[in-house]
>>> print(open('query30.pdb').read())   # PDB, C-alpha atoms
ATOM      1  CA  MET X   1     -29.519  64.535-197.575  1.00  0.00           C
ATOM      2  CA  THR X   2     -32.209  67.175-197.947  1.00  0.00           C
ATOM      3  CA  SER X   3     -32.330  69.730-195.155  1.00  0.00           C
ATOM      4  CA  MET X   4     -35.554  71.088-193.707  1.00  0.00           C
ATOM      5  CA  LYS X   5     -34.762  74.760-193.413  1.00  0.00           C
ATOM      6  CA  PHE X   6     -38.370  75.968-193.443  1.00  0.00           C
ATOM      7  CA  PHE X   7     -41.742  74.272-193.041  1.00  0.00           C
ATOM      8  CA  PRO X   8     -45.000  75.264-194.771  1.00  0.00           C
ATOM      9  CA  PRO X   9     -47.347  76.842-192.206  1.00  0.00           C
ATOM     10  CA  HIS X  10     -50.485  75.015-193.368  1.00  0.00           C
ATOM     11  CA  GLY X  11     -52.132  73.553-196.448  1.00  0.00           C
ATOM     12  CA  LEU X  12     -53.086  70.527-198.487  1.00  0.00           C
ATOM     13  CA  TYR X  13     -51.064  67.363-197.867  1.00  0.00           C
ATOM     14  CA  ALA X  14     -51.568  65.134-200.923  1.00  0.00           C
ATOM     15  CA  ILE X  15     -50.991  61.382-200.484  1.00  0.00           C
ATOM     16  CA  THR X  16     -50.679  59.092-203.487  1.00  0.00           C
ATOM     17  CA  PRO X  17     -53.047  56.147-203.929  1.00  0.00           C
ATOM     18  CA  GLN X  18     -51.744  52.807-205.198  1.00  0.00           C
ATOM     19  CA  TYR X  19     -50.551  53.568-208.754  1.00  0.00           C
ATOM     20  CA  TYR X  20     -48.212  50.632-209.375  1.00  0.00           C
ATOM     21  CA  PRO X  21     -47.166  49.949-212.103  1.00  0.00           C
ATOM     22  CA  ASP X  22     -48.363  53.128-213.846  1.00  0.00           C
ATOM     23  CA  ALA X  23     -45.488  55.536-213.196  1.00  0.00           C
ATOM     24  CA  GLN X  24     -46.546  58.038-215.851  1.00  0.00           C
ATOM     25  CA  ARG X  25     -49.994  58.480-214.360  1.00  0.00           C
ATOM     26  CA  LEU X  26     -48.552  58.880-210.889  1.00  0.00           C
ATOM     27  CA  LEU X  27     -46.085  61.548-211.988  1.00  0.00           C
ATOM     28  CA  ALA X  28     -48.660  63.424-214.057  1.00  0.00           C
ATOM     29  CA  ASP X  29     -51.255  63.429-211.289  1.00  0.00           C
ATOM     30  CA  CYS X  30     -48.740  64.472-208.652  1.00  0.00           C
ATOM     31  CA  ALA X  31     -47.592  67.332-210.865  1.00  0.00           C
ATOM     32  CA  ALA X  32     -51.225  68.401-211.223  1.00  0.00           C
ATOM     33  CA  ALA X  33     -51.755  68.247-207.438  1.00  0.00           C
ATOM     34  CA  LEU X  34     -48.710  70.445-206.863  1.00  0.00           C
ATOM     35  CA  GLN X  35     -49.893  72.885-209.509  1.00  0.00           C
ATOM     36  CA  GLY X  36     -53.231  72.971-207.704  1.00  0.00           C
ATOM     37  CA  GLY X  37     -51.603  74.061-204.459  1.00  0.00           C
ATOM     38  CA  ALA X  38     -50.541  70.974-202.488  1.00  0.00           C
ATOM     39  CA  ARG X  39     -47.950  72.046-199.885  1.00  0.00           C
ATOM     40  CA  LEU X  40     -46.759  68.542-198.927  1.00  0.00           C
ATOM     41  CA  LEU X  41     -46.670  65.314-200.947  1.00  0.00           C
ATOM     42  CA  GLN X  42     -46.417  61.784-199.605  1.00  0.00           C
ATOM     43  CA  PHE X  43     -45.404  58.823-201.751  1.00  0.00           C
ATOM     44  CA  ARG X  44     -47.314  55.834-200.406  1.00  0.00           C
ATOM     45  CA  ASP X  45     -46.767  52.586-202.310  1.00  0.00           C
ATOM     46  CA  LYS X  46     -47.230  49.045-201.015  1.00  0.00           C
ATOM     47  CA  SER X  47     -45.908  47.186-204.056  1.00  0.00           C
ATOM     48  CA  ALA X  48     -43.002  44.778-203.688  1.00  0.00           C
ATOM     49  CA  ASP X  49     -41.202  46.154-206.755  1.00  0.00           C
ATOM     50  CA  ARG X  50     -38.205  47.839-205.172  1.00  0.00           C
ATOM     51  CA  ASP X  51     -36.715  49.064-208.458  1.00  0.00           C
ATOM     52  CA  TRP X  52     -40.003  50.688-209.506  1.00  0.00           C
ATOM     53  CA  ARG X  53     -40.392  52.347-206.139  1.00  0.00           C
ATOM     54  CA  LEU X  54     -36.857  53.729-206.276  1.00  0.00           C
ATOM     55  CA  GLU X  55     -37.189  55.109-209.793  1.00  0.00           C
ATOM     56  CA  VAL X  56     -40.580  56.710-209.158  1.00  0.00           C
ATOM     57  CA  ALA X  57     -39.489  58.168-205.826  1.00  0.00           C
ATOM     58  CA  ARG X  58     -36.448  59.754-207.462  1.00  0.00           C
ATOM     59  CA  ARG X  59     -38.589  61.350-210.132  1.00  0.00           C
ATOM     60  CA  LEU X  60     -41.146  62.550-207.596  1.00  0.00           C
ATOM     61  CA  ASN X  61     -38.384  64.067-205.529  1.00  0.00           C
ATOM     62  CA  GLY X  62     -37.162  65.994-208.555  1.00  0.00           C
ATOM     63  CA  LEU X  63     -40.694  67.217-209.194  1.00  0.00           C
ATOM     64  CA  CYS X  64     -41.058  68.327-205.574  1.00  0.00           C
ATOM     65  CA  ARG X  65     -37.686  70.070-205.607  1.00  0.00           C
ATOM     66  CA  ASP X  66     -38.765  72.081-208.624  1.00  0.00           C
ATOM     67  CA  GLN X  67     -41.865  73.218-206.722  1.00  0.00           C
ATOM     68  CA  GLN X  68     -40.080  73.641-203.350  1.00  0.00           C
ATOM     69  CA  VAL X  69     -42.496  71.178-201.751  1.00  0.00           C
ATOM     70  CA  PRO X  70     -41.355  68.528-199.246  1.00  0.00           C
ATOM     71  CA  LEU X  71     -41.626  64.910-200.406  1.00  0.00           C
ATOM     72  CA  ILE X  72     -42.459  62.514-197.585  1.00  0.00           C
ATOM     73  CA  ILE X  73     -41.989  58.754-198.014  1.00  0.00           C
ATOM     74  CA  ASN X  74     -44.494  56.509-196.287  1.00  0.00           C
ATOM     75  CA  ASP X  75     -42.864  53.963-193.951  1.00  0.00           C
ATOM     76  CA  ASP X  76     -39.631  53.373-195.894  1.00  0.00           C
ATOM     77  CA  PHE X  77     -36.855  55.505-194.401  1.00  0.00           C
ATOM     78  CA  GLU X  78     -34.179  53.677-196.398  1.00  0.00           C
ATOM     79  CA  LEU X  79     -35.885  54.742-199.626  1.00  0.00           C
ATOM     80  CA  ALA X  80     -36.071  58.307-198.295  1.00  0.00           C
ATOM     81  CA  ARG X  81     -32.356  58.190-197.525  1.00  0.00           C
ATOM     82  CA  GLN X  82     -31.486  56.868-200.980  1.00  0.00           C
ATOM     83  CA  ILE X  83     -33.245  59.643-202.866  1.00  0.00           C
ATOM     84  CA  GLY X  84     -32.716  62.505-200.403  1.00  0.00           C
ATOM     85  CA  ALA X  85     -36.402  62.991-199.632  1.00  0.00           C
ATOM     86  CA  ALA X  86     -37.506  65.545-197.058  1.00  0.00           C
ATOM     87  CA  GLY X  87     -38.619  62.874-194.636  1.00  0.00           C
ATOM     88  CA  VAL X  88     -40.727  59.891-193.664  1.00  0.00           C
ATOM     89  CA  HIS X  89     -44.167  59.210-192.265  1.00  0.00           C
ATOM     90  CA  LEU X  90     -44.327  56.484-189.622  1.00  0.00           C
ATOM     91  CA  GLY X  91     -47.214  54.283-188.539  1.00  0.00           C
ATOM     92  CA  ARG X  92     -47.705  52.024-185.558  1.00  0.00           C
ATOM     93  CA  GLU X  93     -45.606  49.143-186.899  1.00  0.00           C
ATOM     94  CA  ASP X  94     -42.804  51.166-188.467  1.00  0.00           C
ATOM     95  CA  ALA X  95     -39.312  52.126-187.328  1.00  0.00           C
ATOM     96  CA  SER X  96     -38.745  54.349-184.305  1.00  0.00           C
ATOM     97  CA  ILE X  97     -38.287  58.110-184.560  1.00  0.00           C
ATOM     98  CA  SER X  98     -34.744  57.815-183.200  1.00  0.00           C
ATOM     99  CA  GLN X  99     -33.844  55.172-185.791  1.00  0.00           C
ATOM    100  CA  VAL X 100     -35.147  57.328-188.630  1.00  0.00           C
ATOM    101  CA  ALA X 101     -33.467  60.494-187.336  1.00  0.00           C
ATOM    102  CA  ALA X 102     -30.146  58.637-187.101  1.00  0.00           C
ATOM    103  CA  ALA X 103     -30.495  57.456-190.710  1.00  0.00           C
ATOM    104  CA  LEU X 104     -31.786  60.678-192.282  1.00  0.00           C
ATOM    105  CA  GLY X 105     -30.201  63.365-190.127  1.00  0.00           C
ATOM    106  CA  PRO X 106     -31.561  65.928-187.676  1.00  0.00           C
ATOM    107  CA  ASP X 107     -33.142  68.153-190.327  1.00  0.00           C
ATOM    108  CA  SER X 108     -35.427  65.469-191.748  1.00  0.00           C
ATOM    109  CA  LEU X 109     -39.202  65.625-191.391  1.00  0.00           C
ATOM    110  CA  ILE X 110     -40.651  62.767-189.354  1.00  0.00           C
ATOM    111  CA  GLY X 111     -44.414  62.512-189.220  1.00  0.00           C
ATOM    112  CA  VAL X 112     -46.200  60.080-186.921  1.00  0.00           C
ATOM    113  CA  SER X 113     -49.670  58.573-187.139  1.00  0.00           C
ATOM    114  CA  CYS X 114     -51.398  59.002-183.786  1.00  0.00           C
ATOM    115  CA  TYR X 115     -54.816  57.668-184.869  1.00  0.00           C
ATOM    116  CA  ASP X 116     -57.094  58.776-181.991  1.00  0.00           C
ATOM    117  CA  ARG X 117     -54.508  58.538-179.221  1.00  0.00           C
ATOM    118  CA  LEU X 118     -53.186  61.548-177.344  1.00  0.00           C
ATOM    119  CA  ASP X 119     -50.742  59.348-175.395  1.00  0.00           C
ATOM    120  CA  ARG X 120     -49.119  58.308-178.652  1.00  0.00           C
ATOM    121  CA  ALA X 121     -48.954  61.956-179.701  1.00  0.00           C
ATOM    122  CA  GLN X 122     -47.273  62.905-176.445  1.00  0.00           C
ATOM    123  CA  SER X 123     -44.687  60.137-176.852  1.00  0.00           C
ATOM    124  CA  ALA X 124     -44.003  61.138-180.470  1.00  0.00           C
ATOM    125  CA  THR X 125     -43.582  64.763-179.442  1.00  0.00           C
ATOM    126  CA  GLU X 126     -41.107  63.847-176.713  1.00  0.00           C
ATOM    127  CA  GLN X 127     -39.121  61.712-179.178  1.00  0.00           C
ATOM    128  CA  GLY X 128     -38.766  64.524-181.696  1.00  0.00           C
ATOM    129  CA  ALA X 129     -41.565  64.108-184.243  1.00  0.00           C
ATOM    130  CA  SER X 130     -42.008  66.922-186.775  1.00  0.00           C
ATOM    131  CA  TYR X 131     -45.792  66.640-187.041  1.00  0.00           C
ATOM    132  CA  LEU X 132     -48.651  64.576-185.615  1.00  0.00           C
ATOM    133  CA  ALA X 133     -51.345  62.951-187.771  1.00  0.00           C
ATOM    134  CA  PHE X 134     -54.831  62.109-186.493  1.00  0.00           C
ATOM    135  CA  GLY X 135     -57.635  60.120-188.098  1.00  0.00           C
ATOM    136  CA  SER X 136     -59.569  58.710-189.716  1.00  0.00           C
ATOM    137  CA  MET X 137     -61.624  61.843-189.188  1.00  0.00           C
ATOM    138  CA  PHE X 138     -64.437  60.649-191.469  1.00  0.00           C
ATOM    139  CA  PRO X 139     -65.305  57.321-193.138  1.00  0.00           C
ATOM    140  CA  SER X 140     -62.509  56.551-195.593  1.00  0.00           C
ATOM    141  CA  ALA X 141     -62.547  54.447-198.752  1.00  0.00           C
ATOM    142  CA  THR X 142     -58.745  54.157-198.575  1.00  0.00           C
ATOM    143  CA  LYS X 143     -58.831  52.606-195.075  1.00  0.00           C
ATOM    144  CA  PRO X 144     -62.469  51.646-194.429  1.00  0.00           C
ATOM    145  CA  HIS X 145     -61.728  49.916-191.109  1.00  0.00           C
ATOM    146  CA  ALA X 146     -59.536  52.648-189.647  1.00  0.00           C
ATOM    147  CA  VAL X 147     -60.279  53.869-186.141  1.00  0.00           C
ATOM    148  CA  ARG X 148     -62.228  57.127-186.036  1.00  0.00           C
ATOM    149  CA  CYS X 149     -60.859  60.225-184.347  1.00  0.00           C
ATOM    150  CA  SER X 150     -63.024  62.980-182.874  1.00  0.00           C
ATOM    151  CA  LEU X 151     -62.722  66.702-183.457  1.00  0.00           C
ATOM    152  CA  GLN X 152     -62.229  67.083-179.717  1.00  0.00           C
ATOM    153  CA  THR X 153     -59.126  64.871-179.810  1.00  0.00           C
ATOM    154  CA  LEU X 154     -57.711  66.887-182.686  1.00  0.00           C
ATOM    155  CA  THR X 155     -58.279  70.112-180.785  1.00  0.00           C
ATOM    156  CA  ALA X 156     -56.726  68.698-177.613  1.00  0.00           C
ATOM    157  CA  ALA X 157     -53.580  67.768-179.579  1.00  0.00           C
ATOM    158  CA  LYS X 158     -52.866  71.464-180.174  1.00  0.00           C
ATOM    159  CA  ALA X 159     -51.342  71.445-176.693  1.00  0.00           C
ATOM    160  CA  PHE X 160     -48.334  69.508-177.992  1.00  0.00           C
ATOM    161  CA  GLY X 161     -47.207  72.503-180.052  1.00  0.00           C
ATOM    162  CA  LEU X 162     -46.519  70.568-183.270  1.00  0.00           C
ATOM    163  CA  PRO X 163     -48.187  70.905-186.680  1.00  0.00           C
ATOM    164  CA  LEU X 164     -51.326  68.740-186.797  1.00  0.00           C
ATOM    165  CA  VAL X 165     -52.377  66.685-189.812  1.00  0.00           C
ATOM    166  CA  ALA X 166     -55.959  65.457-190.178  1.00  0.00           C
ATOM    167  CA  ILE X 167     -56.551  62.446-192.440  1.00  0.00           C
ATOM    168  CA  GLY X 168     -59.366  60.175-193.515  1.00  0.00           C
ATOM    169  CA  GLY X 169     -62.374  60.847-195.731  1.00  0.00           C
ATOM    170  CA  ILE X 170     -61.573  64.530-196.147  1.00  0.00           C
ATOM    171  CA  THR X 171     -63.206  66.577-198.893  1.00  0.00           C
ATOM    172  CA  ALA X 172     -63.532  70.236-199.793  1.00  0.00           C
ATOM    173  CA  GLU X 173     -66.979  70.123-198.165  1.00  0.00           C
ATOM    174  CA  ASN X 174     -65.932  68.820-194.740  1.00  0.00           C
ATOM    175  CA  GLY X 175     -62.332  70.046-194.521  1.00  0.00           C
ATOM    176  CA  GLY X 176     -63.201  73.432-193.049  1.00  0.00           C
ATOM    177  CA  SER X 177     -64.460  71.860-189.826  1.00  0.00           C
ATOM    178  CA  LEU X 178     -61.081  70.179-189.339  1.00  0.00           C
ATOM    179  CA  ILE X 179     -59.173  73.415-189.851  1.00  0.00           C
ATOM    180  CA  GLU X 180     -61.427  75.095-187.305  1.00  0.00           C
ATOM    181  CA  ALA X 181     -60.754  72.225-184.879  1.00  0.00           C
ATOM    182  CA  GLY X 182     -56.998  72.736-185.156  1.00  0.00           C
ATOM    183  CA  ALA X 183     -55.685  70.948-188.254  1.00  0.00           C
ATOM    184  CA  ASP X 184     -52.736  72.677-189.927  1.00  0.00           C
ATOM    185  CA  TYR X 185     -52.784  70.246-192.852  1.00  0.00           C
ATOM    186  CA  LEU X 186     -55.456  68.166-194.528  1.00  0.00           C
ATOM    187  CA  ALA X 187     -54.048  64.865-195.776  1.00  0.00           C
ATOM    188  CA  VAL X 188     -56.100  63.723-198.738  1.00  0.00           C
ATOM    189  CA  VAL X 189     -56.000  60.753-201.103  1.00  0.00           C
ATOM    190  CA  GLY X 190     -59.297  60.110-202.892  1.00  0.00           C
ATOM    191  CA  ALA X 191     -60.689  63.648-203.064  1.00  0.00           C
ATOM    192  CA  VAL X 192     -57.524  64.707-204.919  1.00  0.00           C
ATOM    193  CA  PHE X 193     -56.538  61.704-207.024  1.00  0.00           C
ATOM    194  CA  ASP X 194     -59.757  59.745-207.616  1.00  0.00           C
ATOM    195  CA  VAL X 195     -61.299  62.464-209.773  1.00  0.00           C
ATOM    196  CA  PRO X 196     -60.843  63.471-213.420  1.00  0.00           C
ATOM    197  CA  ASP X 197     -59.479  66.945-212.626  1.00  0.00           C
ATOM    198  CA  VAL X 198     -56.688  66.469-210.087  1.00  0.00           C
ATOM    199  CA  ARG X 199     -55.453  70.042-210.308  1.00  0.00           C
ATOM    200  CA  GLY X 200     -58.943  71.461-209.827  1.00  0.00           C
ATOM    201  CA  ALA X 201     -59.595  69.187-206.861  1.00  0.00           C
ATOM    202  CA  ALA X 202     -56.351  70.293-205.223  1.00  0.00           C
ATOM    203  CA  GLN X 203     -57.242  73.932-205.838  1.00  0.00           C
ATOM    204  CA  GLN X 204     -60.608  73.471-204.111  1.00  0.00           C
ATOM    205  CA  LEU X 205     -58.977  72.012-201.024  1.00  0.00           C
ATOM    206  CA  ALA X 206     -56.159  74.567-200.969  1.00  0.00           C
ATOM    207  CA  ALA X 207     -58.760  77.334-201.147  1.00  0.00           C
ATOM    208  CA  LEU X 208     -60.076  76.366-197.702  1.00  0.00           C
ATOM    209  CA  TRP X 209     -57.218  78.368-196.214  1.00  0.00           C
ATOM    210  CA  GLU X 210     -57.596  81.233-198.657  1.00  0.00           C
ATOM    211  CA  ASP X 211     -61.248  81.577-197.673  1.00  0.00           C
ATOM    212  CA  GLY X 212     -60.394  82.533-194.121  1.00  0.00           C
ATOM    213  CA  ASN X 213     -60.758  79.117-192.507  1.00  0.00           C
ATOM    214  CA  GLY X 214     -57.026  78.721-191.927  1.00  0.00           C
ATOM    215  CA  ARG X 215     -55.172  79.875-188.854  1.00  0.00           C
ATOM    216  CA  ALA X 216     -51.774  81.404-189.575  1.00  0.00           C
ATOM    217  CA  THR X 217     -49.739  81.141-186.367  1.00  0.00           C
ATOM    218  CA  PRO X 218     -46.330  82.729-187.036  1.00  0.00           C
ATOM    219  CA  GLU X 219     -45.369  82.549-183.370  1.00  0.00           C
ATOM    220  CA  THR X 220     -45.341  78.729-183.498  1.00  0.00           C
ATOM    221  CA  ARG X 221     -44.845  77.976-187.202  1.00  0.00           C
ATOM    222  CA  THR X 222     -42.082  78.800-189.642  1.00  0.00           C
ATOM    223  CA  ALA X 223     -42.858  80.383-192.956  1.00  0.00           C
ATOM    224  CA  GLY X 224     -42.062  77.986-195.754  1.00  0.00           C
ATOM    225  CA  TYR X 225     -39.855  75.229-197.070  1.00  0.00           C
ATOM    226  CA  GLU X 226     -36.534  75.331-198.814  1.00  0.00           C
ATOM    227  CA  TYR X 227     -34.484  72.458-200.210  1.00  0.00           C
ATOM    228  CA  GLN X 228     -30.763  72.465-199.658  1.00  0.00           C
ATOM    229  CA  GLN X 229     -28.195  70.171-201.205  1.00  0.00           C
TER     230      GLN X 229
END
>>> encode(input="query30.pdb", output="structure tokens")
Amino acid sequence: MTSMKFFPPHGLYAITPQYYPDAQRLLADCAAALQGGARLLQFRDKSADRDWRLEVARRLNGLCRDQQVPLIINDDFELARQIGAAGVHLGREDASISQVAAALGPDSLIGVSCYDRLDRAQSATEQGASYLAFGSMFPSATKPHAVRCSLQTLTAAKAFGLPLVAIGGITAENGGSLIEAGADYLAVVGAVFDVPDVRGAAQQLAALWEDGNGRATPETRTAGYEYQQ
């Protein structure tokens, strides 16, 4: 099982759109996103093809290991366990944090979708979540009916002391406001992958931190990520 020794302090969190069954495109675009500066990568696939998912996840994990970037698996902690991924992202209907931690080990990353709910964030924090995700922050083509989350809720969630992920309709044009409101990571699907130049799109989003909009907080964040066997 992969061990989370360090955690990236902030950055672009790239999430894959539905690529099934085009594995080559998925791998090429994810490589481009990592080259462009993505600091976290989530494999999100809703296909029923278990063999395809396993093979692609293994290859993505190898790609992420080469770049020293954590691979997060959406929902499926058994798949994460099989390939030795860095962790899992959990939604409202998914397994419990304790169940995932028991399966993956204490060093695994466990992210939790909190939507617009601070009570859910508090519960996830108390149960041992690694990061808290809020959104949709803006109208989203990926999840057009998702509940909207305010900037004020995102800012209030800083009190929990965990890394905060903002998601939903994020672009290079509106991402700075989320960083200013407290987001440590911007989770992005369309603005990275639904464009001809994936690497360039990732670079634009990653540059939001380089331009002085990010908030390095070494007293509450560790400095980076390192895979261990």
>>> residues_around(input="query30.pdb", residues="stretch 177-193 of chain X", least_positions_apart="6", cutoff="8 Å", atoms="all atoms listed in the file", output="count of residues only")
33
>>> resolve_selection(input="query30.pdb", expression="the PyMOL selection byres ((chain X and resi 128) around 9)", output="PyMOL selection string")
chain X and resi 97-98+101+110+123-127+129-130
>>> atom_distance(input="query30.pdb", atom1="atom CA of X:Arg120", atom2="atom CA of X:Val100")
17.2 Å
>>> residues_around(input="query30.pdb", residues="X:Leu118", least_positions_apart="2", cutoff="9 Å", atoms="only C-alpha atoms", output="list in words")
Cys114, Tyr115, Asp116, Arg120, Ala121, Gln122, Ser123, Thr153, Leu154, Ala156 and Ala157 of chain X
>>> atom_distance(input="query30.pdb", atom1="atom CA of X:His89", atom2="atom CA of X:Arg53")
15.9 Å
>>> resolve_selection(input="query30.pdb", expression="the PyMOL selection byres ((chain X and resi 56-58) around 9)", output="NGL selection string")
:X and (23 or 26-27 or 43 or 51-55 or 59-63 or 71 or 73 or 79-80 or 82-85)
>>> atom_distance(input="query30.pdb", atom1="atom CA of X:Gly37", atom2="atom CA of X:Val69")
9.9 Å
>>> closest_residue(input="query30.pdb", among="X:Gln99, X:Gln67, X:Arg92, X:Leu104", to="X:Gly36", atoms="all atoms listed in the file")
X:Gln67
>>> axis_aligned_box(input="query30.pdb", around="stretch 21-25 of chain X", padding_each_side="8 Å", output="lines of an AutoDock Vina configuration file")
center_x = -47.7
center_y = 54.2
center_z = -214.0
size_x = 20.5
size_y = 24.5
size_z = 19.7
>>> closest_residue(input="query30.pdb", among="X:Gly111, X:Pro70, X:Pro106, X:Pro8", to="X:Leu90", atoms="only C-alpha atoms")
X:Gly111
>>> residues_near_point(input="query30.pdb", point="(-48.5, 49.7, -211.6)", cutoff="6 Å", atoms="all atoms listed in the file", output="VMD selection string")
chain X and resid 19 to 22
>>> closest_residue(input="query30.pdb", among="X:Phe160, X:Ser140, X:Phe77, X:Gly200", to="X:Leu34", atoms="only C-alpha atoms")
X:Gly200
>>> closest_residue(input="query30.pdb", among="X:Val88, X:Ala32, X:Met137, X:Leu40", to="X:Ala103", atoms="only C-alpha atoms")
X:Val88
>>> decode(input="query30.pdb", residues="stretch 164-185 of chain X", atoms="C-alpha atoms", output="short mmCIF file (atom, residue, chain, number, x, y, z; two decimals), in the first residue's frame")
data_model
loop_
_atom_site.label_atom_id
_atom_site.label_comp_id
_atom_site.auth_asym_id
_atom_site.auth_seq_id
_atom_site.Cartn_x
_atom_site.Cartn_y
_atom_site.Cartn_z
CA LEU X 164 -9.92 22.56 1.46
CA VAL X 165 -10.82 21.59 -2.10
CA ALA X 166 -13.15 23.75 -4.18
CA ILE X 167 -14.94 22.09 -7.11
CA GLY X 168 -17.52 22.90 -9.73
CA GLY X 169 -17.32 25.16 -12.78
CA ILE X 170 -13.82 26.37 -11.98
CA THR X 171 -11.71 28.11 -14.61
CA ALA X 172 -8.50 30.10 -14.71
CA GLU X 173 -10.67 33.23 -14.72
CA ASN X 174 -12.68 32.53 -11.56
CA GLY X 175 -10.28 30.31 -9.60
CA GLY X 176 -8.47 33.17 -7.90
CA SER X 177 -11.57 34.14 -5.93
CA LEU X 178 -11.75 30.62 -4.49
CA ILE X 179 -8.11 30.67 -3.42
CA GLU X 180 -8.70 34.01 -1.72
CA ALA X 181 -11.74 32.53 0.05
CA GLY X 182 -9.66 29.68 1.47
CA ALA X 183 -9.33 26.91 -1.13
CA ASP X 184 -6.02 25.03 -0.99
CA TYR X 185 -6.85 23.07 -4.14
#
